[in-house]
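Report on the structure given below.
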Amino acid sequence: MHTNDTIAPVGYINFKKFCLLKKPNVDENQSFRERMACYRVRSPLAHLMDLDDLEIDLGTVTDGDNFDDDASENNSIIIDQTDGQVCFGELIETDSVSCIGYPNGWTWINSLTGYWVDDKSPLIVALEKLRDLLQERNLELTDVVAVTLYVRDMTEFLNMNAQYASIMCRISPPVRVCVEIPLSEYTPILIDVVAYKPPSKSSSNSNLPSISKHTMHVQSISHWAPANIGPYSQAIRVGDIIYVAGQIALVPGTLSIVEGGIRQQCRLSLRHVSRIIKAVDPNIQLRDVVQGICYVTHTKYIHAARTEWEKRTNNAIVDYIVVSRLPKNAIVEWHLWAHRHNARFEYEETGCCVDNYRVSIRRRWNYENNVAAIVTYISSGI
């Protein structure tokens, strides 16, 4: 079976009758490894030989050098820094959940916290609260499209995955991003959620389009992109919007972090993003990303990450945020979403001063004005 598609279809063969024949010139006393020794098989790392294809002259700066980023740039969020190290202050605990739903079927839930309740873990409590909130709005966990999971302690990643899978749907689960931030010990879990359910065909919603949801959930080890290391999908397309799970620099064949520092991790993780969105839609490319966040674990990585991104495209709103830890101890993770018609998006920057605060807004929206990315920055003038 042959196909030119990026992702080959799966074929099933139903054998009616078969027999086994001895292969000629094969020593039956040899092991399988000995028989294969004469054949050249590419190693997982051999599939990464082309990572430097987009290499440009970046001077003599090495990964160990301290890149000096201007902290005042409005797309770099840097927490208090001393001698190149980031000093994280503990975030104030809160249980003020924001839930906004629209007639077109989209729902946003933000600042959903988890805490210990008897023998229930904070993640279980947060997911049960999410389930209850969804049910109040006639939604189910299967309607969740994307989850951003902020945790206090990334060393509990494997345990949290098991707890997460016990509540979230196992078939076509939502995409997910997981990062460690300095949450309060009393609320060590914070969750943001995007959900979509086609609007009902009532008289008030009769003119609203009903768009379908398609999920890419690959669990097998391959060489084109990594299998997921948790109970989430690699990508979900809802209409023209494609949500991509957070991508770190996993070597697809081994599921280990690639060696070589920040630039190699950026190149491999961005290649994962590119291949995933092209697998969802062969007409989509990295330049169709509308908005995203690049998480790094040190301020010195921001310059290299921005450089690697802008070598590929400068057609999106991308912010660079320093966090304390990422899954698998990666040093960079990309959290992006794309649109099929990104070339038809407008861009605008506005700003003003309110008392001692400077407020700036970056916005991208399509011609139909039904999809937009709006990012607000607030800085103190003191």
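Following the order of the structure tokens, first chain is A, next is B, and so on, with residues numbered from 1 inside each chain and ligands from 1 in the order they appear.
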Interface rows for segment 249-326 of chain A against segment 222-241 of chain A: nearest pair, Å to one decimal, 12 Å, only C-alpha atoms, as JSON lines:
```
{"residue": "A:Ala249", "atom": "CA", "partner": "A:Pro226", "partner_atom": "CA", "distance": 8.9}
{"residue": "A:Leu250", "atom": "CA", "partner": "A:Pro226", "partner_atom": "CA", "distance": 6.4}
{"residue": "A:Val251", "atom": "CA", "partner": "A:Pro226", "partner_atom": "CA", "distance": 6.7}
{"residue": "A:Pro252", "atom": "CA", "partner": "A:Pro226", "partner_atom": "CA", "distance": 4.0}
{"residue": "A:Gly253", "atom": "CA", "partner": "A:His223", "partner_atom": "CA", "distance": 5.6}
{"residue": "A:Thr254", "atom": "CA", "partner": "A:Pro226", "partner_atom": "CA", "distance": 8.7}
{"residue": "A:Leu255", "atom": "CA", "partner": "A:Pro226", "partner_atom": "CA", "distance": 6.8}
{"residue": "A:Ser256", "atom": "CA", "partner": "A:Pro226", "partner_atom": "CA", "distance": 9.7}
{"residue": "A:Ile257", "atom": "CA", "partner": "A:Pro226", "partner_atom": "CA", "distance": 10.8}
{"residue": "A:Val258", "atom": "CA", "partner": "A:Pro226", "partner_atom": "CA", "distance": 11.8}
{"residue": "A:Leu268", "atom": "CA", "partner": "A:Ala225", "partner_atom": "CA", "distance": 9.3}
{"residue": "A:Ser269", "atom": "CA", "partner": "A:Ala225", "partner_atom": "CA", "distance": 9.2}
{"residue": "A:Leu270", "atom": "CA", "partner": "A:Ala225", "partner_atom": "CA", "distance": 10.5}
{"residue": "A:Arg271", "atom": "CA", "partner": "A:Ala225", "partner_atom": "CA", "distance": 8.1}
{"residue": "A:His272", "atom": "CA", "partner": "A:Ala225", "partner_atom": "CA", "distance": 5.4}
{"residue": "A:Val273", "atom": "CA", "partner": "A:Ala225", "partner_atom": "CA", "distance": 8.5}
{"residue": "A:Ser274", "atom": "CA", "partner": "A:Ala225", "partner_atom": "CA", "distance": 9.5}
{"residue": "A:Arg275", "atom": "CA", "partner": "A:Ala225", "partner_atom": "CA", "distance": 6.8}
{"residue": "A:Ile276", "atom": "CA", "partner": "A:Ala235", "partner_atom": "CA", "distance": 7.0}
{"residue": "A:Ile277", "atom": "CA", "partner": "A:Ala235", "partner_atom": "CA", "distance": 7.3}
{"residue": "A:Lys278", "atom": "CA", "partner": "A:Ala235", "partner_atom": "CA", "distance": 10.5}
{"residue": "A:Ala279", "atom": "CA", "partner": "A:Ala235", "partner_atom": "CA", "distance": 9.3}
{"residue": "A:Val280", "atom": "CA", "partner": "A:Arg237", "partner_atom": "CA", "distance": 7.4}
{"residue": "A:Asp281", "atom": "CA", "partner": "A:Arg237", "partner_atom": "CA", "distance": 9.0}
{"residue": "A:Asn283", "atom": "CA", "partner": "A:Asp240", "partner_atom": "CA", "distance": 11.5}
{"residue": "A:Ile284", "atom": "CA", "partner": "A:Asp240", "partner_atom": "CA", "distance": 10.2}
{"residue": "A:Asp288", "atom": "CA", "partner": "A:Ile241", "partner_atom": "CA", "distance": 10.1}
{"residue": "A:Val289", "atom": "CA", "partner": "A:Ile241", "partner_atom": "CA", "distance": 9.6}
{"residue": "A:Val290", "atom": "CA", "partner": "A:Ile241", "partner_atom": "CA", "distance": 9.5}
{"residue": "A:Gln291", "atom": "CA", "partner": "A:Ile241", "partner_atom": "CA", "distance": 11.3}
```
Can I get the selection written as a PDB file, in the first residue's frame, with C-alpha atoms?
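Contents of selection28.pdb, as written:
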```
ATOM      1  CA  ALA A 249      12.818  18.446  22.574  1.00  0.00           C
ATOM      2  CA  LEU A 250      12.167  14.716  22.921  1.00  0.00           C
ATOM      3  CA  VAL A 251      14.067  12.433  20.546  1.00  0.00           C
ATOM      4  CA  PRO A 252      11.117  10.551  18.981  1.00  0.00           C
ATOM      5  CA  GLY A 253      12.749   7.116  18.977  1.00  0.00           C
ATOM      6  CA  THR A 254      13.966   7.228  22.583  1.00  0.00           C
ATOM      7  CA  LEU A 255      11.720   9.819  24.308  1.00  0.00           C
ATOM      8  CA  SER A 256      14.829  11.383  25.878  1.00  0.00           C
ATOM      9  CA  ILE A 257      15.816  15.052  25.674  1.00  0.00           C
ATOM     10  CA  VAL A 258      18.160  15.839  22.785  1.00  0.00           C
ATOM     11  CA  LEU A 268      13.849  19.829  17.602  1.00  0.00           C
ATOM     12  CA  SER A 269      10.794  21.036  19.553  1.00  0.00           C
ATOM     13  CA  LEU A 270       9.870  23.467  16.767  1.00  0.00           C
ATOM     14  CA  ARG A 271      10.256  20.670  14.239  1.00  0.00           C
ATOM     15  CA  HIS A 272       7.814  18.648  16.323  1.00  0.00           C
ATOM     16  CA  VAL A 273       5.316  21.525  16.189  1.00  0.00           C
ATOM     17  CA  SER A 274       5.742  21.870  12.417  1.00  0.00           C
ATOM     18  CA  ARG A 275       5.283  18.161  11.746  1.00  0.00           C
ATOM     19  CA  ILE A 276       2.285  17.871  14.043  1.00  0.00           C
ATOM     20  CA  ILE A 277       0.337  20.723  12.460  1.00  0.00           C
ATOM     21  CA  LYS A 278       1.184  19.445   8.973  1.00  0.00           C
ATOM     22  CA  ALA A 279      -0.066  16.006   9.999  1.00  0.00           C
ATOM     23  CA  VAL A 280      -3.362  17.563  11.062  1.00  0.00           C
ATOM     24  CA  ASP A 281      -3.586  19.553   7.826  1.00  0.00           C
ATOM     25  CA  ASN A 283      -1.615  22.828   4.010  1.00  0.00           C
ATOM     26  CA  ILE A 284      -0.683  24.244   7.430  1.00  0.00           C
ATOM     27  CA  ASP A 288       0.324  29.746  10.335  1.00  0.00           C
ATOM     28  CA  VAL A 289       0.831  29.942  14.108  1.00  0.00           C
ATOM     29  CA  VAL A 290      -1.210  32.873  15.414  1.00  0.00           C
ATOM     30  CA  GLN A 291      -0.101  33.123  19.021  1.00  0.00           C
TER      31      GLN A 291
END
```
From a backbone DSSP assignment, name each residue in segment 61-301 of chain A labelled strand (DSSP E or B), as a VMD selection string. chain A and resid 76 to 77 81 to 82 85 to 86 98 to 101 106 to 114 117 120 144 to 151 175 to 180 189 to 196 213 to 216 235 to 238 241 to 244 247 250 257 289 to 296
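Atom pair atom CA of Gln265 of chain A / atom CA of Arg152 of chain A: separated by 23.6 Å.
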Smallest atom-to-atom distance to Thr107 of chain A: which of A:Gly351, A:Pro173, A:Pro199, A:Gly260, using only C-alpha atoms?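 The closest residue to Thr107 of chain A is A:Pro199.
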Residue nearest Gly101 of chain A among A:Val194, A:Val147, A:Ile242, A:Val26 (counting only C-alpha atoms): A:Val194
Which distance in Å separates atom CA of Asp118 of chain A and atom CA of Asp143 of chain A, to one decimal?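 Rounded to one decimal, the two atoms are 29.1 Å apart.
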Using only C-alpha atoms, which residue out of A:Leu326, A:Ile171, A:Ala195, A:Ile181 lies closest to Gln219 of chain A?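 Closest candidate: A:Ile171.
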Shell around segment 306-319 of chain A at 7 Å using only C-alpha atoms, local window under 6 positions removed, as an NGL selection string: :A and (75-76 or 266-267 or 287 or 289-294)
Mind writing the picked residues with C-alpha atoms as an mmCIF file, in the first residue's frame?
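Printed below is out.cif as written:
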```cif
data_model
loop_
_atom_site.group_PDB
_atom_site.id
_atom_site.type_symbol
_atom_site.label_atom_id
_atom_site.label_comp_id
_atom_site.auth_asym_id
_atom_site.auth_seq_id
_atom_site.Cartn_x
_atom_site.Cartn_y
_atom_site.Cartn_z
ATOM 1 C CA ASN A 75 7.221 39.994 24.901
ATOM 2 C CA SER A 76 9.703 38.791 27.548
ATOM 3 C CA CYS A 266 14.567 24.752 20.171
ATOM 4 C CA ARG A 267 15.139 23.285 16.725
ATOM 5 C CA ARG A 287 4.046 30.365 9.729
ATOM 6 C CA VAL A 289 0.831 29.942 14.108
ATOM 7 C CA VAL A 290 -1.210 32.873 15.414
ATOM 8 C CA GLN A 291 -0.101 33.123 19.021
ATOM 9 C CA GLY A 292 1.916 31.198 21.538
ATOM 10 C CA ILE A 293 4.181 31.059 24.553
ATOM 11 C CA CYS A 294 7.754 29.864 24.762
#
```
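Shortest separation to Gly261 of chain A among A:Ile374, A:Ser324, A:Ala330, A:Pro198 occurs at residue A:Ala330, atoms counted being only C-alpha atoms.
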